[in-house]
Structure formats: structure tokens, C-alpha cells
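Student: Sharing my_file_26.pdb below, PDB, C-alpha atoms:
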```
ATOM      1  CA  MET J   1       0.000   0.000   0.000
ATOM      2  CA  SER J   2       1.316   3.389  -0.866
ATOM      3  CA  GLU J   3       1.804   6.105   1.696
ATOM      4  CA  PRO J   4      -0.877   8.802   1.809
ATOM      5  CA  TRP J   5       1.478  11.429   0.445
ATOM      6  CA  GLU J   6       2.247   9.209  -2.520
ATOM      7  CA  ASP J   7      -1.404   8.855  -3.493
ATOM      8  CA  ASP J   8      -2.049  11.011  -6.537
ATOM      9  CA  GLU J   9      -5.742  11.255  -5.729
ATOM     10  CA  LEU J  10      -4.918  13.038  -2.496
ATOM     11  CA  GLU J  11      -3.080  15.795  -4.303
ATOM     12  CA  GLY J  12      -4.856  19.014  -3.527
ATOM     13  CA  PRO J  13      -5.876  21.593  -6.071
ATOM     14  CA  VAL J  14      -3.527  24.364  -7.061
ATOM     15  CA  ARG J  15      -4.593  27.424  -5.124
ATOM     16  CA  LYS J  16      -3.819  31.069  -5.631
ATOM     17  CA  PHE J  17      -1.567  32.095  -2.747
ATOM     18  CA  MET J  18      -0.576  35.678  -2.110
ATOM     19  CA  TYR J  19       2.176  36.690   0.282
ATOM     20  CA  VAL J  20       1.719  40.258   1.426
ATOM     21  CA  ASN J  21       5.003  41.846   2.496
ATOM     22  CA  ARG J  22       4.656  45.092   4.451
ATOM     23  CA  LYS J  23       7.733  45.184   6.698
ATOM     24  CA  ALA J  24      11.257  46.459   6.197
ATOM     25  CA  PRO J  25      14.010  43.807   6.305
ATOM     26  CA  TYR J  26      16.319  43.156   9.325
ATOM     27  CA  GLY J  27      14.479  45.307  11.887
ATOM     28  CA  THR J  28      12.047  42.449  12.414
ATOM     29  CA  ILE J  29      12.023  38.795  11.325
ATOM     30  CA  TYR J  30       8.885  39.120   9.159
ATOM     31  CA  ALA J  31      10.630  39.589   5.798
ATOM     32  CA  LEU J  32      12.858  36.549   6.184
ATOM     33  CA  GLU J  33      10.005  34.396   7.541
ATOM     34  CA  SER J  34       7.864  35.350   4.548
ATOM     35  CA  LEU J  35      10.604  34.292   2.183
ATOM     36  CA  GLU J  36      10.928  30.928   3.936
ATOM     37  CA  VAL J  37       7.196  30.252   3.652
ATOM     38  CA  VAL J  38       7.124  31.357   0.008
ATOM     39  CA  LEU J  39       9.732  28.721  -0.777
ATOM     40  CA  ILE J  40       7.638  26.069   0.996
ATOM     41  CA  ALA J  41       4.519  26.939  -1.014
ATOM     42  CA  ALA J  42       6.563  26.914  -4.189
ATOM     43  CA  ALA J  43       7.750  23.389  -3.377
ATOM     44  CA  PHE J  44       4.075  22.332  -3.306
ATOM     45  CA  GLU J  45       3.611  23.815  -6.767
ATOM     46  CA  GLN J  46       1.029  26.354  -5.763
ATOM     47  CA  ASP J  47       0.160  29.483  -7.735
ATOM     48  CA  VAL J  48       2.274  31.991  -5.814
ATOM     49  CA  THR J  49       2.090  35.773  -5.993
ATOM     50  CA  LEU J  50       4.273  38.107  -3.929
ATOM     51  CA  ALA J  51       3.044  41.582  -3.094
ATOM     52  CA  PHE J  52       5.316  44.304  -1.757
ATOM     53  CA  LEU J  53       3.692  47.370  -0.267
ATOM     54  CA  ASP J  54       4.271  49.899   2.505
ATOM     55  CA  ASP J  55       7.709  49.244   4.089
ATOM     56  CA  GLY J  56       7.769  45.845   2.335
ATOM     57  CA  VAL J  57       9.215  47.558  -0.733
ATOM     58  CA  TYR J  58      12.421  48.043   1.272
ATOM     59  CA  GLN J  59      12.932  44.260   1.267
ATOM     60  CA  ILE J  60      13.892  44.292  -2.395
ATOM     61  CA  VAL J  61      16.009  47.456  -2.515
ATOM     62  CA  LYS J  62      19.288  46.730  -4.283
ATOM     63  CA  GLY J  63      22.742  47.234  -2.798
ATOM     64  CA  GLN J  64      22.058  45.686   0.609
ATOM     65  CA  ASP J  65      25.301  44.960   2.471
ATOM     66  CA  THR J  66      24.738  43.462   5.913
ATOM     67  CA  GLU J  67      28.347  42.614   6.723
ATOM     68  CA  GLU J  68      28.680  45.223   9.455
ATOM     69  CA  ILE J  69      25.422  44.370  11.231
ATOM     70  CA  GLY J  70      26.333  40.674  11.341
ATOM     71  CA  VAL J  71      23.172  39.186   9.879
ATOM     72  CA  LYS J  72      22.568  37.326   6.640
ATOM     73  CA  ASN J  73      21.765  39.420   3.577
ATOM     74  CA  PHE J  74      18.785  37.559   2.136
ATOM     75  CA  SER J  75      18.036  39.986  -0.695
ATOM     76  CA  PRO J  76      19.806  37.800  -3.328
ATOM     77  CA  ILE J  77      17.204  35.083  -2.665
ATOM     78  CA  TYR J  78      14.524  37.230  -4.336
ATOM     79  CA  ARG J  79      16.489  36.899  -7.555
ATOM     80  CA  ALA J  80      16.509  33.093  -7.177
ATOM     81  CA  LEU J  81      12.716  32.816  -6.827
ATOM     82  CA  GLU J  82      12.389  32.549 -10.600
ATOM     83  CA  GLY J  83      14.098  29.151 -10.342
ATOM     84  CA  TYR J  84      11.250  27.982  -8.092
ATOM     85  CA  ASP J  85       8.627  29.191 -10.592
ATOM     86  CA  VAL J  86       7.790  32.134  -8.349
ATOM     87  CA  GLU J  87       7.635  34.807 -11.007
ATOM     88  CA  LYS J  88       4.724  37.011  -9.999
ATOM     89  CA  LEU J  89       6.180  39.862  -8.006
ATOM     90  CA  PHE J  90       4.047  42.972  -7.685
ATOM     91  CA  VAL J  91       5.095  46.254  -6.104
ATOM     92  CA  GLU J  92       2.729  49.039  -5.188
ATOM     93  CA  LYS J  93       3.592  52.268  -6.989
ATOM     94  CA  GLU J  94       2.383  54.555  -4.221
ATOM     95  CA  SER J  95       4.582  52.777  -1.672
ATOM     96  CA  LEU J  96       7.664  53.212  -3.864
ATOM     97  CA  GLU J  97       6.939  56.856  -4.587
ATOM     98  CA  SER J  98       6.357  57.890  -0.997
ATOM     99  CA  ARG J  99       9.792  56.453  -0.199
ATOM    100  CA  GLY J 100      11.537  58.216  -3.088
ATOM    101  CA  LEU J 101      12.168  54.898  -4.849
ATOM    102  CA  THR J 102      11.649  53.634  -8.405
ATOM    103  CA  ALA J 103      11.733  50.174 -10.002
ATOM    104  CA  ASP J 104      15.392  50.895 -10.885
ATOM    105  CA  ASP J 105      16.234  50.785  -7.170
ATOM    106  CA  LEU J 106      15.027  47.180  -6.870
ATOM    107  CA  VAL J 107      17.099  44.002  -6.880
ATOM    108  CA  VAL J 108      14.700  41.962  -9.014
ATOM    109  CA  PRO J 109      12.376  42.609 -11.987
ATOM    110  CA  VAL J 110       8.863  43.339 -10.728
ATOM    111  CA  GLU J 111       5.581  44.617 -12.013
ATOM    112  CA  VAL J 112       4.758  48.009 -10.534
ATOM    113  CA  ILE J 113       1.015  48.427 -10.073
ATOM    114  CA  SER J 114      -1.284  51.025  -8.549
ATOM    115  CA  ARG J 115      -2.877  50.680  -5.125
ATOM    116  CA  GLU J 116      -6.198  50.091  -6.853
ATOM    117  CA  GLN J 117      -4.743  47.279  -8.974
ATOM    118  CA  MET J 118      -3.166  45.803  -5.841
ATOM    119  CA  ALA J 119      -6.564  45.751  -4.162
ATOM    120  CA  ASP J 120      -8.056  43.959  -7.168
ATOM    121  CA  LEU J 121      -5.200  41.457  -7.167
ATOM    122  CA  MET J 122      -5.837  40.725  -3.487
ATOM    123  CA  GLU J 123      -9.508  40.074  -4.246
ATOM    124  CA  GLU J 124      -8.518  37.436  -6.809
ATOM    125  CA  GLN J 125      -6.592  35.330  -4.303
ATOM    126  CA  GLU J 126      -7.779  32.191  -2.510
ATOM    127  CA  VAL J 127      -5.259  32.339   0.343
ATOM    128  CA  ILE J 128      -3.538  35.455   1.681
ATOM    129  CA  LEU J 129      -0.626  35.264   4.080
ATOM    130  CA  SER J 130       0.432  38.503   5.735
ATOM    131  CA  PHE J 131       3.893  39.420   6.879
TER     132      PHE J 131
ATOM    133  CA  MET N   1      22.403  67.723  30.842
ATOM    134  CA  ALA N   2      22.149  67.035  27.140
ATOM    135  CA  MET N   3      20.346  63.891  26.047
ATOM    136  CA  LEU N   4      21.017  61.510  23.173
ATOM    137  CA  HIS N   5      17.809  60.146  21.669
ATOM    138  CA  THR N   6      17.854  56.974  19.596
ATOM    139  CA  VAL N   7      15.034  55.979  17.242
ATOM    140  CA  ASN N   8      14.942  52.453  15.825
ATOM    141  CA  LYS N   9      11.531  52.248  14.131
ATOM    142  CA  SER N  10      10.519  53.086  10.562
ATOM    143  CA  PRO N  11       8.892  56.539  10.389
ATOM    144  CA  PHE N  12       6.420  55.107   7.874
ATOM    145  CA  GLU N  13       5.126  52.440  10.232
ATOM    146  CA  ARG N  14       5.394  53.826  13.759
ATOM    147  CA  ARG N  15       5.179  57.136  15.549
ATOM    148  CA  SER N  16       8.442  56.732  17.478
ATOM    149  CA  LEU N  17      10.218  59.486  15.552
ATOM    150  CA  ASP N  18       7.254  61.840  15.976
ATOM    151  CA  SER N  19       7.205  61.265  19.727
ATOM    152  CA  CYS N  20      10.951  61.710  19.919
ATOM    153  CA  LEU N  21      10.858  64.989  17.999
ATOM    154  CA  ARG N  22       8.024  66.312  20.147
ATOM    155  CA  HIS N  23       9.911  65.592  23.359
ATOM    156  CA  ALA N  24      13.528  66.268  22.416
ATOM    157  CA  VAL N  25      14.572  69.645  23.800
ATOM    158  CA  LYS N  26      16.797  72.020  21.857
ATOM    159  CA  GLY N  27      20.429  70.955  22.003
ATOM    160  CA  SER N  28      19.712  67.287  22.450
ATOM    161  CA  ALA N  29      20.947  64.891  19.757
ATOM    162  CA  ILE N  30      19.081  62.317  17.707
ATOM    163  CA  LEU N  31      20.634  59.102  16.405
ATOM    164  CA  LEU N  32      18.694  57.073  13.840
ATOM    165  CA  ILE N  33      19.407  53.329  13.993
ATOM    166  CA  GLU N  34      17.964  50.059  12.593
ATOM    167  CA  ASP N  35      14.683  50.748  10.740
ATOM    168  CA  GLY N  36      14.870  54.321  12.005
ATOM    169  CA  ILE N  37      17.449  55.095   9.306
ATOM    170  CA  TYR N  38      14.741  55.425   6.662
ATOM    171  CA  ALA N  39      13.883  58.798   8.228
ATOM    172  CA  ALA N  40      17.318  60.090   7.180
ATOM    173  CA  ILE N  41      16.768  59.538   3.442
ATOM    174  CA  ASP N  42      15.954  62.603   1.365
ATOM    175  CA  GLY N  43      13.120  62.617  -1.168
ATOM    176  CA  THR N  44      10.588  60.694   0.917
ATOM    177  CA  VAL N  45       7.237  61.905   2.235
ATOM    178  CA  VAL N  46       8.638  61.877   5.783
ATOM    179  CA  ALA N  47      11.941  63.672   5.033
ATOM    180  CA  GLU N  48      10.437  66.965   6.186
ATOM    181  CA  LYS N  49      10.330  65.698   9.768
ATOM    182  CA  ILE N  50      14.091  65.423  10.014
ATOM    183  CA  LYS N  51      14.625  68.560   7.922
ATOM    184  CA  SER N  52      12.761  70.524  10.553
ATOM    185  CA  ALA N  53      14.813  68.867  13.312
ATOM    186  CA  VAL N  54      18.344  69.528  12.054
ATOM    187  CA  GLY N  55      18.146  73.185  13.092
ATOM    188  CA  ASP N  56      17.562  72.440  16.768
ATOM    189  CA  HIS N  57      19.390  69.120  17.061
ATOM    190  CA  LYS N  58      22.492  67.347  15.929
ATOM    191  CA  VAL N  59      21.153  64.420  13.897
ATOM    192  CA  TYR N  60      23.169  61.273  13.304
ATOM    193  CA  VAL N  61      22.493  58.049  11.398
ATOM    194  CA  LEU N  62      24.223  54.705  11.894
ATOM    195  CA  GLY N  63      26.160  53.835   8.725
ATOM    196  CA  PRO N  64      26.116  50.027   9.089
ATOM    197  CA  ASP N  65      22.297  50.101   9.297
ATOM    198  CA  LEU N  66      22.121  52.310   6.182
ATOM    199  CA  LYS N  67      24.386  49.940   4.254
ATOM    200  CA  ALA N  68      22.545  46.801   5.390
ATOM    201  CA  ARG N  69      19.302  48.216   3.995
ATOM    202  CA  GLY N  70      20.767  49.285   0.659
ATOM    203  CA  MET N  71      20.512  52.945   1.606
ATOM    204  CA  GLY N  72      24.250  53.624   1.809
ATOM    205  CA  ASP N  73      24.319  55.433  -1.533
ATOM    206  CA  HIS N  74      20.988  57.200  -1.215
ATOM    207  CA  LYS N  75      21.017  60.923  -0.527
ATOM    208  CA  LEU N  76      20.619  61.878   3.107
ATOM    209  CA  VAL N  77      18.770  64.923   4.337
ATOM    210  CA  ASP N  78      21.277  67.796   4.527
ATOM    211  CA  GLY N  79      22.848  68.232   7.934
ATOM    212  CA  ILE N  80      22.776  64.573   8.998
ATOM    213  CA  GLU N  81      26.081  63.035   9.987
ATOM    214  CA  THR N  82      26.795  59.328   9.455
ATOM    215  CA  VAL N  83      28.545  57.502  12.299
ATOM    216  CA  ASP N  84      29.921  53.969  12.660
ATOM    217  CA  TYR N  85      29.705  51.790  15.796
ATOM    218  CA  ALA N  86      32.710  53.534  17.359
ATOM    219  CA  GLY N  87      30.968  56.842  16.682
ATOM    220  CA  PHE N  88      27.846  55.482  18.370
ATOM    221  CA  VAL N  89      29.899  54.713  21.469
ATOM    222  CA  ASP N  90      31.470  58.189  21.359
ATOM    223  CA  LEU N  91      28.001  59.768  21.282
ATOM    224  CA  VAL N  92      26.858  57.705  24.253
ATOM    225  CA  THR N  93      29.839  58.900  26.267
ATOM    226  CA  GLU N  94      29.569  62.487  25.031
ATOM    227  CA  TYR N  95      25.950  62.944  26.144
ATOM    228  CA  ASP N  96      24.776  62.655  29.731
ATOM    229  CA  LYS N  97      21.894  60.287  29.133
ATOM    230  CA  VAL N  98      20.432  58.113  26.418
ATOM    231  CA  GLN N  99      16.736  57.773  25.725
ATOM    232  CA  SER N 100      15.589  55.029  23.349
ATOM    233  CA  TRP N 101      12.386  55.640  21.390
ATOM    234  CA  LEU N 102      11.283  52.092  20.603
TER     235      LEU N 102
END
```
Please rewrite the model in this file as C-alpha cells.
Tutor:
Amino acid sequence: MSEPWEDDELEGPVRKFMYVNRKAPYGTIYALESLEVVLIAAAFEQDVTLAFLDDGVYQIVKGQDTEEIGVKNFSPIYRALEGYDVEKLFVEKESLESRGLTADDLVVPVEVISREQMADLMEEQEVILSF
Amino acid sequence: MAMLHTVNKSPFERRSLDSCLRHAVKGSAILLIEDGIYAAIDGTVVAEKIKSAVGDHKVYVLGPDLKARGMGDHKLVDGIETVDYAGFVDLVTEYDKVQSWL
């Protein structure tokens, strides 16, 4: 008899997962925890979307160098997400602008969308995880 | 009895900087650390807060926290001085007391 996790019929449906990132990196553990959970969902071949808004846009600012604060710089991992078929990265335009940032300041290619479009995108999701 | 105030929260998310600025008396110093460093960056919607503070206070920002967050090359609000960890220690010894705005 096969193990339950080997039974194809028990494979769940592919759901639309959104990870909402609203915190700056390093000051709290939220950004890194989000990234860890994103990689887990990707391993289960779910339909993953990442949203960056409010201080979450700071997570993907390029040029991060954490050597002097003695913690791991996890910003390069955002560039590796493509390899896990996590390719839908959306950044809220208003959040970038209020922080004096543009898409050129970011470490990874993203789609910049308006707050209104972000709200619509959230409505489309089946599961939303907030960090 | 000059005080050194430290602020470690993002000005976009918390009111720590606002509280600090409302309570810091003239001549006291402000050091932005951790997520507080975002307040030091020019061209943001909160930059005005620090701009209005540099006249009455010496304002410092911790360089290693700027660099960690990719803000090392971004323009700072005029009048802010970047310090390293040794500079942080110097400030703590230079001022009589330290108040942390968490």
C-alpha cells in the first residue's frame, strides 16, 4: 500500500496564494520568515504571488550589504525565486513613490502596479498570508 | 544635561520618531538606527520631519544600518552626519543620558 502522500488522488488543487510583504528587512524577522514560507509553497507547486507594499518595498532594494550588522543578507534570494517558478512579483507604486524609490532601485524585476490594482489582485486570491 | 535620543523604528510604520521629535529639547541629539534610518533619506514623504529637526538638534544616522538596507548610496537629508559603531559609542559617552524611542 502506498503512503498517503504518494497517493495522486490526495493531491490538492492548485490554489492562488498571495504573500503580502509590508515590513522592512532586518528590523524584524517578518521579511525573512515570509521568504521561507514562500519557498515552501513553491515546493508544493502552488500558484504563488508576492506583493510588496508599505515598508515591504524596502525588502527588495538593491545594494544591501549586511556585513557590518552581522546578519545574513537575504536579498539575493529574491532573484533566485524565478528558479522555483515564483515569477509574480508585484510592487505598489504609491509605496515606492512615498519612499523616493523607483523600479530601478530594486534588486529583481517586478511589475509596478497602482494601489487600486493591488486591491483587485488581493480580491482574486484564494489564500492570503500577511507578513 | 544634554540627552542623546535613539530611534529604531521606521517613520512610515510607527510614531516613534514623531514622539521623539516632540519631546527632544533644543540641544539634544538624535541618532537614527535600525529601521529608524529610513527617516534620514531625502526625497521621501517623511523627510520633512528630520529637515525641521536639524536646526535644533544634531542628527546622526548609523552607517552600518544604512548599508545593510541598501541605503548607503541614497542621498541623506542635509545636515545629517553618518557615524559607525565607534561613533555610536562616542556619542553615548559624550551625552549625559540616552533615551531610546522604541
Student: Starting from the displayed file, determine the output of the PyMOL selection byres ((chain N and resi 80) around 10) and express the residue list as a ChimeraX atom specification.
Tutor: /N:30-32,40-41,50-51,54,57-61,76-79,81-83
Student: Atoms to include: C-alpha atoms. Write the selected residues as a PDB file, in the frame of the given file.
Tutor:
```
ATOM      1  CA  ILE N  30      19.081  62.317  17.707  1.00  0.00           C
ATOM      2  CA  LEU N  31      20.634  59.102  16.405  1.00  0.00           C
ATOM      3  CA  LEU N  32      18.694  57.073  13.840  1.00  0.00           C
ATOM      4  CA  ALA N  40      17.318  60.090   7.180  1.00  0.00           C
ATOM      5  CA  ILE N  41      16.768  59.538   3.442  1.00  0.00           C
ATOM      6  CA  ILE N  50      14.091  65.423  10.014  1.00  0.00           C
ATOM      7  CA  LYS N  51      14.625  68.560   7.922  1.00  0.00           C
ATOM      8  CA  VAL N  54      18.344  69.528  12.054  1.00  0.00           C
ATOM      9  CA  HIS N  57      19.390  69.120  17.061  1.00  0.00           C
ATOM     10  CA  LYS N  58      22.492  67.347  15.929  1.00  0.00           C
ATOM     11  CA  VAL N  59      21.153  64.420  13.897  1.00  0.00           C
ATOM     12  CA  TYR N  60      23.169  61.273  13.304  1.00  0.00           C
ATOM     13  CA  VAL N  61      22.493  58.049  11.398  1.00  0.00           C
ATOM     14  CA  LEU N  76      20.619  61.878   3.107  1.00  0.00           C
ATOM     15  CA  VAL N  77      18.770  64.923   4.337  1.00  0.00           C
ATOM     16  CA  ASP N  78      21.277  67.796   4.527  1.00  0.00           C
ATOM     17  CA  GLY N  79      22.848  68.232   7.934  1.00  0.00           C
ATOM     18  CA  GLU N  81      26.081  63.035   9.987  1.00  0.00           C
ATOM     19  CA  THR N  82      26.795  59.328   9.455  1.00  0.00           C
ATOM     20  CA  VAL N  83      28.545  57.502  12.299  1.00  0.00           C
TER      21      VAL N  83
END
```
Student: To verify the selection step, state as a list in words which residues the ChimeraX specification (/N :<9) & /J yields on this input.
Tutor: Lys23, Ala24, Pro25, Tyr26, Gly27, Thr28, Asp54, Asp55, Tyr58, Gln59, Val61, Lys62, Gly63, Gln64, Asp65, Thr66, Glu67, Glu68, Ile69, Val71, Asn73, Glu97, Ser98, Arg99, Gly100 and Leu101 of chain J
Student: For a quick check of understanding, using only C-alpha atoms, which of N:Ser28, N:Thr6, N:Ser16, N:Ser100 has the smallest distance to N:Asp56?
Tutor: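 That would be N:Ser28, the residue with the smallest distance to N:Asp56.
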Student: Give me the residues within 12 Å of J:Glu92 as a PyMOL selection string, counting only C-alpha atoms and dropping any in the same chain fewer than 2 places off.
Tutor: chain J and resi 20-22+50-58+89-90+94-99+101-103+110-119+121
Student: Could you list, as a ChimeraX atom specification, every residue matched by the PyMOL selection byres ((chain N and resi 98) around 10) in this structure?
Tutor: /N:2-6,29-30,91-93,95-97,99-101
Student: Let me have the centre and edge lengths of the axis-aligned box enclosing all listed atoms of stretch 79-86 of chain N with 8 Å padding on every side, in Å to one decimal, as AutoDock Vina command-line options.
Tutor:
```
--center_x 27.7 --center_y 60.0 --center_z 12.6 --size_x 25.9 --size_y 32.4 --size_z 25.4
```
Student: Mind giving me the straight-line distance from atom CA of J:Asp105 to atom CA of J:Phe17 in Å, one decimal?
Tutor: 26.2 Å
Student: Report, in Å to a single decimal, how far apart atom CA of J:Ser130 and atom CA of J:Leu32 are.
Tutor: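 Interatomic distance here is 12.6 Å.
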Student: Which value, in Å to one decimal, gives the distance between atom CA of J:Asp120 and atom CA of J:Val14?
Tutor: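 That distance, rounded to one decimal, is 20.1 Å.
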